[in-house]
Amino acid sequence: MRGIAAALAVALDRAYLRLDRRRQRRTRSLRLVPDLAHRRGGKLGYGEWCWAIGLFQALIHAQLPHGRAPRILDVGCGTGLLAVASEPLLGAEGRYLGIDVSRRDVEFCRAHYPSPPFAFELLETRNAAYAPERAAERVGWGVADVSVDLVTALSVWTHLAEADALFYLAEVGRVLRPGGRALVTCFLLDAAARAGPPRVPRGASRFHATDPARWVFDVPAPGSGEWLHPAWARAPEDAIAFTEPALARMLAAAGLRELARHPGTWREAPGVYFQDVLVLARD
């Protein structure tokens, strides 16, 4: 029965998308939203994808340079939520590059999004949550130094252990042009977060995604006192948070500074997005 229900949901979603696209008037980019079978990244509903697209389109627009065609690098692009958000901001000459460790997602994106302005590359590196079968090696991005205006990373640093988090934030610093910006979502364990939701009982193993007890980061990742994960995580990279001292260390090593911080609703408090959103800059 569950398989039949899932197949019916996909069919109904596709039928709805065909009808909805005929009624779109001022948000043409929404024609690119994938159907239910290809929506991933913690958000499945069409409405939630559209909401997140609008939110991040505003955040991206605020950080892009004026007077030249932008170059956007989307790390952990998934099936293209931020590609849809970026499209109206690229103009005729702007370019978007999405990279991801999932071969399936990269292949979908290459078939689904027009080139130009979009391009997608596979990053063949290991991640315990999303690419555990690969060799334990950190692979740099095939992107030229100081060539990117904006780096986006939606729910990437929520799946990176300490060494990977440090390495890849240094990659952000490497590829950004002077004055470039980055939008990075994360679980940041600042003072407010540490005083937040109730602790998870040690005997518990699984919680619903909306249960505040699910988002309690109280188990140190192996070899690290500043990166922590929930008790239910099978691997730290399933969901990982870091402290403010860890953030300061990453920023210093990457040559970046924090411009703004938007606390997330995972803290069980009002916020812009579910995860914390950091706005970073390269001087």
# chains A, B, ... in the order shown; residues from 1 in each chain; ligands from 1
>>> select_by_dssp(residues="stretch 42-203 of chain A", states="helix (DSSP H, G or I)", output="PyMOL selection string")
chain A and resi 46-63+81-90+103-112+162-175+191-194
>>> write_last_selection(atoms="C-alpha atoms", output="compact mmCIF listing (two decimals), in the first residue's frame")
# COMPACT_ATOMS: atom_id res chain seq x y z
CA TYR A 46 6.05 21.92 -3.94
CA GLY A 47 4.93 24.76 -1.69
CA GLU A 48 7.97 24.41 0.55
CA TRP A 49 10.30 24.41 -2.44
CA CYS A 50 8.65 27.57 -3.80
CA TRP A 51 8.90 29.25 -0.38
CA ALA A 52 12.60 28.39 -0.05
CA ILE A 53 13.27 29.50 -3.62
CA GLY A 54 11.74 32.91 -2.94
CA LEU A 55 13.59 33.30 0.35
CA PHE A 56 17.01 32.43 -1.08
CA GLN A 57 16.41 34.46 -4.24
CA ALA A 58 16.10 37.52 -1.98
CA LEU A 59 19.20 36.56 0.03
CA ILE A 60 21.23 35.90 -3.12
CA HIS A 61 20.13 39.14 -4.77
CA ALA A 62 21.27 41.14 -1.75
CA GLN A 63 24.81 39.71 -2.02
CA LEU A 81 16.62 24.46 -5.59
CA LEU A 82 19.14 27.32 -5.65
CA ALA A 83 19.49 27.01 -9.42
CA VAL A 84 15.81 27.93 -9.67
CA ALA A 85 16.34 30.76 -7.17
CA SER A 86 19.32 32.08 -9.14
CA GLU A 87 17.86 32.04 -12.64
CA PRO A 88 16.19 35.49 -12.61
CA LEU A 89 19.40 37.05 -11.26
CA LEU A 90 21.79 35.72 -13.91
CA ARG A 103 25.96 11.33 -9.35
CA ARG A 104 22.20 10.80 -9.62
CA ASP A 105 21.45 14.43 -8.73
CA VAL A 106 24.10 15.84 -11.06
CA GLU A 107 22.81 13.75 -13.96
CA PHE A 108 19.26 14.91 -13.29
CA CYS A 109 20.33 18.56 -13.17
CA ARG A 110 22.26 18.30 -16.43
CA ALA A 111 19.15 16.95 -18.14
CA HIS A 112 16.67 19.31 -16.47
CA GLU A 162 35.76 19.07 11.44
CA ALA A 163 38.54 18.38 8.93
CA ASP A 164 36.15 18.53 5.96
CA ALA A 165 34.48 21.71 7.25
CA LEU A 166 37.85 23.45 7.56
CA PHE A 167 39.06 22.24 4.15
CA TYR A 168 35.96 23.28 2.25
CA LEU A 169 35.55 26.67 3.88
CA ALA A 170 39.13 27.32 2.77
CA GLU A 171 37.91 26.40 -0.73
CA VAL A 172 35.22 29.07 -0.39
CA GLY A 173 37.91 31.61 0.45
CA ARG A 174 40.06 30.42 -2.47
CA VAL A 175 37.44 30.77 -5.21
CA ALA A 191 24.81 30.62 23.53
CA ALA A 192 21.16 30.85 22.48
CA ALA A 193 21.22 27.45 20.80
CA ARG A 194 22.90 25.79 23.78
>>> residues_around(residues="A:Ala135", least_positions_apart="4", cutoff="10 Å", atoms="only C-alpha atoms", output="ChimeraX atom specification")
/A:124-127,131
>>> atom_distance(atom1="atom CA of A:Leu256", atom2="atom CA of A:Leu183")
12.0 Å
>>> atom_distance(atom1="atom CA of A:Arg261", atom2="atom CA of A:Pro230")
22.8 Å
>>> atom_distance(atom1="atom CA of A:Arg22", atom2="atom CA of A:Leu36")
18.2 Å
>>> residues_around(residues="A:Ala182", least_positions_apart="6", cutoff="7 Å", atoms="only C-alpha atoms", output="list in words")
Leu150, Val151, Thr152, Val279, Leu280 and Ala281 of chain A
>>> closest_residue(among="A:Val184, A:Leu160, A:Leu97, A:Ala221", to="A:Gly142", atoms="only C-alpha atoms")
A:Leu97
>>> residues_around(residues="stretch 1-17 of chain A", least_positions_apart="3", cutoff="7 Å", atoms="only C-alpha atoms", output="number ranges by chain")
A: 20-21, 35-37
>>> select_by_dssp(residues="stretch 55-141 of chain A", states="strand (DSSP E or B)", output="PDB file with N, CA and C atoms, in the first residue's frame")
ATOM      1  N   ARG A  71      28.802  35.436 -11.286  1.00  0.00           N
ATOM      2  CA  ARG A  71      29.243  34.049 -11.311  1.00  0.00           C
ATOM      3  C   ARG A  71      28.905  33.439  -9.953  1.00  0.00           C
ATOM      4  N   ILE A  72      28.023  32.440  -9.974  1.00  0.00           N
ATOM      5  CA  ILE A  72      27.539  31.805  -8.751  1.00  0.00           C
ATOM      6  C   ILE A  72      28.016  30.363  -8.717  1.00  0.00           C
ATOM      7  N   LEU A  73      28.578  29.954  -7.599  1.00  0.00           N
ATOM      8  CA  LEU A  73      28.963  28.564  -7.359  1.00  0.00           C
ATOM      9  C   LEU A  73      28.071  28.029  -6.260  1.00  0.00           C
ATOM     10  N   ASP A  74      27.299  26.992  -6.567  1.00  0.00           N
ATOM     11  CA  ASP A  74      26.373  26.384  -5.614  1.00  0.00           C
ATOM     12  C   ASP A  74      26.933  25.035  -5.183  1.00  0.00           C
ATOM     13  N   VAL A  75      27.412  24.967  -3.952  1.00  0.00           N
ATOM     14  CA  VAL A  75      28.032  23.756  -3.412  1.00  0.00           C
ATOM     15  C   VAL A  75      26.942  22.888  -2.784  1.00  0.00           C
ATOM     16  N   ARG A  95      26.409  33.259 -14.974  1.00  0.00           N
ATOM     17  CA  ARG A  95      26.582  31.811 -15.002  1.00  0.00           C
ATOM     18  C   ARG A  95      26.471  31.226 -13.595  1.00  0.00           C
ATOM     19  N   TYR A  96      25.891  30.042 -13.546  1.00  0.00           N
ATOM     20  CA  TYR A  96      25.700  29.277 -12.313  1.00  0.00           C
ATOM     21  C   TYR A  96      26.362  27.920 -12.493  1.00  0.00           C
ATOM     22  N   LEU A  97      27.195  27.523 -11.529  1.00  0.00           N
ATOM     23  CA  LEU A  97      27.786  26.184 -11.518  1.00  0.00           C
ATOM     24  C   LEU A  97      27.359  25.485 -10.236  1.00  0.00           C
ATOM     25  N   GLY A  98      26.721  24.343 -10.375  1.00  0.00           N
ATOM     26  CA  GLY A  98      26.344  23.531  -9.229  1.00  0.00           C
ATOM     27  C   GLY A  98      27.244  22.310  -9.137  1.00  0.00           C
ATOM     28  N   ILE A  99      27.712  21.991  -7.919  1.00  0.00           N
ATOM     29  CA  ILE A  99      28.519  20.782  -7.716  1.00  0.00           C
ATOM     30  C   ILE A  99      27.893  19.966  -6.585  1.00  0.00           C
ATOM     31  N   ASP A 100      28.019  18.650  -6.704  1.00  0.00           N
ATOM     32  CA  ASP A 100      27.423  17.764  -5.709  1.00  0.00           C
ATOM     33  C   ASP A 100      28.146  16.424  -5.724  1.00  0.00           C
ATOM     34  N   PHE A 118      23.271  27.354 -16.919  1.00  0.00           N
ATOM     35  CA  PHE A 118      23.573  26.403 -15.853  1.00  0.00           C
ATOM     36  C   PHE A 118      24.588  25.360 -16.297  1.00  0.00           C
ATOM     37  N   ALA A 119      25.433  24.947 -15.341  1.00  0.00           N
ATOM     38  CA  ALA A 119      26.344  23.823 -15.535  1.00  0.00           C
ATOM     39  C   ALA A 119      26.446  23.088 -14.211  1.00  0.00           C
ATOM     40  N   PHE A 120      26.765  21.789 -14.297  1.00  0.00           N
ATOM     41  CA  PHE A 120      26.801  20.956 -13.096  1.00  0.00           C
ATOM     42  C   PHE A 120      27.980  20.003 -13.173  1.00  0.00           C
ATOM     43  N   GLU A 121      28.652  19.833 -12.038  1.00  0.00           N
ATOM     44  CA  GLU A 121      29.818  18.968 -11.965  1.00  0.00           C
ATOM     45  C   GLU A 121      29.705  18.031 -10.766  1.00  0.00           C
ATOM     46  N   LEU A 122      30.198  16.800 -10.950  1.00  0.00           N
ATOM     47  CA  LEU A 122      30.242  15.811  -9.880  1.00  0.00           C
ATOM     48  C   LEU A 122      31.522  15.992  -9.075  1.00  0.00           C
ATOM     49  N   ASN A 127      31.761  11.337   1.582  1.00  0.00           N
ATOM     50  CA  ASN A 127      31.002  11.898   2.695  1.00  0.00           C
ATOM     51  C   ASN A 127      30.253  10.758   3.344  1.00  0.00           C
ATOM     52  N   ALA A 131      28.020  10.018   0.400  1.00  0.00           N
ATOM     53  CA  ALA A 131      28.873   9.271  -0.532  1.00  0.00           C
ATOM     54  C   ALA A 131      29.844   8.409   0.262  1.00  0.00           C
TER      55      ALA A 131
END
>>> residues_around(residues="A:Gly41", least_positions_apart="4", cutoff="10 Å", atoms="only C-alpha atoms", output="PyMOL selection string")
chain A and resi 49+76-81+154-155
